[in-house]
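The structure under discussion appears below in the form of structure tokens.
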Amino acid sequence: MNARVAPRPAGERAGEAARSVGHLLASPQVGTWSLVAGVTLLVAGWSTTQPTPAMVGCFFVFFAAVRRLASRPRVSALGLTFLAAFFVFLLARPVLSWVGYPPNRIDQFAMPFNRPDVNTHIFVCLGLSLLGLHLGWWLLPYARGLGHRSTPRAYRSDSLLPSIRVVAVLMLVVCLVAQAALDVEAAIYVRDTSYFDLYTTYQTSLPAPVRVAAGATTVAFLAYLATNPRPRGVAWASGAYLGVSALSLLSGQRTTVVLSLGVVLVYLAYRSATDHSGHRWVSKRLAYGALVAVPVAFLLLGLVGRARTLPARRADGLLGPLWETLYAQSVSLEVVGYGFVYRAQVPDGHVYSLGHLLDLLLRRAPGVVGLGDGALTGQTVERAETSGLFAQLLSYRVLGGEYLKGRGLGSSYVAELWADGSYLGVFLGSVVLGLVIWFLTMGLHRSWEARLACLLLSREVVLAPRSGFSQFVVEAFTASTFVGVVLLLGGALAVRGWVQRGGRGGTDGEPEPAAGGGPGDGPPVVAA
């Protein structure tokens with residue numbers, strides 16, 4: 001008589017099923033066929049003006065890009081963060097339509113157009129952008145030799161790192177206090193007026209030194225991280241920085257918290273890839289905790305959004321704030337569609353994808369030294385019509401008088417690239433953006449100044465799906481940033497002698513890895 005085999009525990013069976021699914025998703029053939037299916041569906045949707053095949057094709061290409069980057073998550077954290085932002089800002093609406101949000105709406109894909117040509121245009125643009133990003137990351141293995149060194153290289157800034165670390169800590173303390181004061185003042189103003197007045201009539205009453213110090217908070221924090229401090233120092237600095245960033249929620253501002261958290265996660269992934277001491281910077285517990293915290297964070301952000309806007313789209317139930325947050329943040333999908341609808345009213349003669357950079361170089365910077373009228377500020381007709389900023393122009397075209405009251409749609413690098421170069425512009429611009437993301441990842445493995453610049457840019461570039469193609473450069477290198485760097489280096493030179501005599505700071509950092517901070521075998525390759 002055969003012995004009866006005892007059934008396996010449910011947890012063991014679930015673990016085996018999860019491992020099987022994981023092996024399947026990690027297979028290169030799955031990524032290849034997903035890419036082929038996505039391209040086929042995009043072509044079919046575009047040729048027949050049917051948005052549904054194009055939308056499904058977008059998700060296939062999106063999955064292929066995620067699978068490629070997820071094969072080496074430690075060195076592709078920035079790319080994965082960018083794709084997460086791409087999903088929230090540009091791909092969340094179809095998912096919301098599947099769960100029935102907004103309630104009582106019959107609009108296709110939770111968008112206001114109800115026109116097959118507009119909806120098809122939107123998904124074709126998104127698919128081309130994902131293909132461009134994918135191509136940029138696919139080209140990376142062929143650039144592996146860039147910057148490769150067989151022996152470690154010493155950088156001039158290495159000898160100054162202990163002094164920079166000391167001054168960065170002191171600056172960070174001062175800047176965090178100034179930033180907290182600025183956030184509290186903004187919260188009081190919003191409580192007494194409204195959230196939209198924050199962008200139209202608010203002017204801080206704090207003195208200029210406090211404003212400059214608050215503006216230098218991020219550069220002081222990232223300058224400290226760029227010195228590769230020990231885990232305890234990273235934990236304390238990150239906790240204080242994120243805590244003060246959370247104060248911006250009191251005035252209804254959510255972007256600061258999201259960007260700050262994103263750059264900390266990217267930095268932890270970088271340290272995990274370069275630390276050979278055995279310390280696990282990104283443990284499984286932290287990774288699982290982050291996955292659980294994401295929906296909770298969106299629920300909290302949704303509650304903040306409820307406090308600052310009208311209740312027209314409020315959803316019932318526990319997940320209501322989550323759906324509301326995704327719906328509000330994915331307005332960039334509408335921007336891509338409105339760019340198509342209002343194309344005849346978008347004047348030529350501007351390079352909208354470089355609008356923020358040109359505004360800085362041709363208006364703001366000359367105005368500082370008295371060589372021009374300076375930057376146009378506020379939400380006015382003049383700024384919308386003449387600034388060359390796509391977000392201002394399109395918001396005025398769509399919203400009219402509401403734009404003048406402080407409302408806006410924002411922008412997206414996808415919409416700006418299409419306005420400049422049609423579908424080919426979207427594809428080629430996305431290839432460039434994909435390469436930029438990789439070079440920022442590679443730059444983290446170089447000298448202190450390169451790490452600082454790449455951290456500043458990495459913090460802002462993930463917002464490109466919701467902002468402009470070149471806006472991340474302008475936002476990363478503000479006047480306060482340059483002032484902070486000058487003060488930081490000046491202070492480091494001033495205390496250099498004291499630190500070298502054994503004052504402080506020489507024992508807080510990690511030894512520099514090979515090639516000025518990166519693995520000894522050259523720069524990382526994002527794609528496997």
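By order in the structure tokens, chains are A, B, ...; within a chain, residues start at 1; ligands start at 1, following the order shown.
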
Within 10 Å of segment 202-210 of chain A, counting only C-alpha atoms, which residues qualify if same-chain residues fewer than 5 places away don't, as an MDAnalysis selection string? chainID A and resid 174:175 177:179 181:182 185:186 189:190 193 195:197 215:216

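The list of residues with at least one atom within 7 Å of Gln50 of chain A, based on only C-alpha atoms and without residues fewer than 5 positions apart in the same chain, reads Gly45, Pro116 and Thr120 of chain A.
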
Filtering to N, CA, C and O atoms, could you give me those residues as a short mmCIF file (atom, residue, chain, number, x, y, z; two decimals), in the first residue's frame?
```cif
data_model
loop_
_atom_site.label_atom_id
_atom_site.label_comp_id
_atom_site.auth_asym_id
_atom_site.auth_seq_id
_atom_site.Cartn_x
_atom_site.Cartn_y
_atom_site.Cartn_z
N GLY A 45 -2.42 50.28 -34.13
CA GLY A 45 -3.28 51.34 -33.62
C GLY A 45 -3.13 52.63 -34.38
O GLY A 45 -4.12 53.31 -34.69
N PRO A 116 -11.15 59.37 -31.12
CA PRO A 116 -10.18 58.30 -31.40
C PRO A 116 -8.84 58.83 -31.90
O PRO A 116 -7.79 58.26 -31.54
N THR A 120 -5.48 58.06 -29.84
CA THR A 120 -4.45 57.30 -30.55
C THR A 120 -3.14 58.06 -30.59
O THR A 120 -2.06 57.49 -30.36
#
```

Name the residues in contact with Val257 of chain A at a cut-off of 9 Å, using only C-alpha atoms, excluding same-chain residues fewer than 2 positions from it; report them as a PyMOL selection string. chain A and resi 242-243+245-249+253-255+259-262

Quick one: write out the picked residues with N, CA and C atoms as a tab-separated table (two decimals), in the first residue's frame?
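Final file, part-v6.tsv:
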```tsv
chain	number	residue	atom	x	y	z
A	242	LEU	N	14.62	64.49	4.84
A	242	LEU	CA	13.27	64.06	4.48
A	242	LEU	C	12.23	64.61	5.46
A	243	GLY	N	12.61	64.70	6.73
A	243	GLY	CA	11.68	65.25	7.71
A	243	GLY	C	11.32	66.69	7.43
A	245	SER	N	11.66	68.15	4.49
A	245	SER	CA	10.94	68.16	3.21
A	245	SER	C	9.46	67.88	3.41
A	246	ALA	N	9.14	67.04	4.40
A	246	ALA	CA	7.73	66.72	4.66
A	246	ALA	C	6.94	67.92	5.14
A	247	LEU	N	7.62	68.94	5.66
A	247	LEU	CA	6.91	70.14	6.10
A	247	LEU	C	6.22	70.85	4.94
A	248	SER	N	6.73	70.64	3.72
A	248	SER	CA	6.09	71.28	2.56
A	248	SER	C	4.67	70.76	2.33
A	249	LEU	N	4.36	69.58	2.90
A	249	LEU	CA	3.00	69.05	2.77
A	249	LEU	C	1.99	69.94	3.50
A	253	GLN	N	2.10	71.27	-0.93
A	253	GLN	CA	3.10	70.97	-1.95
A	253	GLN	C	3.60	69.54	-1.77
A	254	ARG	N	3.47	68.74	-2.82
A	254	ARG	CA	3.82	67.33	-2.73
A	254	ARG	C	5.09	66.96	-3.49
A	255	THR	N	5.47	67.79	-4.44
A	255	THR	CA	6.60	67.43	-5.31
A	255	THR	C	7.90	67.32	-4.53
A	259	LEU	N	10.48	64.07	-4.78
A	259	LEU	CA	11.81	64.20	-5.36
A	259	LEU	C	12.89	63.89	-4.33
A	260	SER	N	12.71	64.34	-3.11
A	260	SER	CA	13.70	64.10	-2.06
A	260	SER	C	13.81	62.62	-1.76
A	261	LEU	N	12.68	61.95	-1.65
A	261	LEU	CA	12.71	60.51	-1.38
A	261	LEU	C	13.34	59.75	-2.54
A	262	GLY	N	13.05	60.17	-3.77
A	262	GLY	CA	13.61	59.50	-4.93
A	262	GLY	C	15.11	59.57	-5.00
```

Name the residues in contact with Tyr342 of chain A at a cut-off of 12 Å, using only C-alpha atoms, excluding same-chain residues fewer than 3 positions from it; report them as a ChimeraX atom specification. /A:118,334-339,345-347,390,393-398,415,419

Could you write those residues out with C-alpha atoms, as a PDB file, in the first residue's frame?
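As written to disk, again30.pdb reads:
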```pdb
ATOM      1  CA  VAL A 118      -6.547  62.285 -30.083  1.00  0.00           C
ATOM      2  CA  GLU A 334      -4.076  65.308 -21.002  1.00  0.00           C
ATOM      3  CA  VAL A 335      -1.234  67.721 -21.787  1.00  0.00           C
ATOM      4  CA  VAL A 336      -0.057  65.389 -24.564  1.00  0.00           C
ATOM      5  CA  GLY A 337      -3.591  65.302 -25.958  1.00  0.00           C
ATOM      6  CA  TYR A 338      -4.205  69.035 -25.665  1.00  0.00           C
ATOM      7  CA  GLY A 339      -0.925  69.653 -27.479  1.00  0.00           C
ATOM      8  CA  GLN A 345      -2.741  77.733 -31.801  1.00  0.00           C
ATOM      9  CA  VAL A 346       0.828  76.955 -30.772  1.00  0.00           C
ATOM     10  CA  PRO A 347       2.982  79.587 -32.486  1.00  0.00           C
ATOM     11  CA  PHE A 390       5.025  75.230 -23.314  1.00  0.00           C
ATOM     12  CA  LEU A 393       1.153  78.640 -23.271  1.00  0.00           C
ATOM     13  CA  LEU A 394      -0.919  75.464 -23.240  1.00  0.00           C
ATOM     14  CA  SER A 395      -2.430  76.162 -19.823  1.00  0.00           C
ATOM     15  CA  TYR A 396      -3.569  79.566 -21.049  1.00  0.00           C
ATOM     16  CA  ARG A 397      -5.010  78.114 -24.260  1.00  0.00           C
ATOM     17  CA  VAL A 398      -6.968  75.427 -22.422  1.00  0.00           C
ATOM     18  CA  ALA A 415       4.303  67.028 -25.438  1.00  0.00           C
ATOM     19  CA  ALA A 419       5.421  70.282 -30.598  1.00  0.00           C
TER      20      ALA A 419
END
```

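Between atom CA of Leu360 of chain A and atom CA of Phe82 of chain A lies a distance of 24.6 Å.
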
State, in Å with one decimal place, the distance from atom CA of Leu433 of chain A to atom CA of Ala44 of chain A. 26.3 Å

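Using only C-alpha atoms for every distance, the candidate list A:Leu41, A:Asn119, A:Asn114, A:Trp137 yields A:Trp137 as the residue closest to Gly434 of chain A.
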
Nearest candidate to Gly388 of chain A (options A:Ala240, A:Ala110, A:Leu361, A:Leu354; using only C-alpha atoms): A:Leu354

Counting only C-alpha atoms, which residue out of A:Val212, A:Asp183, A:Met171, A:Leu222 sits closest to Ser480 of chain A? A:Val212

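Of note, atom CA of Arg466 of chain A and atom CA of Ala77 of chain A are spaced 19.0 Å apart.
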
Which residues are near segment 379-387 of chain A? Cut-off 10 Å, only C-alpha atoms, ignore same chain within fewer than 4 positions. Put them as an NGL selection string. :A and (199-200 or 346-347 or 350 or 352 or 355-356 or 358-359 or 363 or 375 or 391-397 or 400-408)
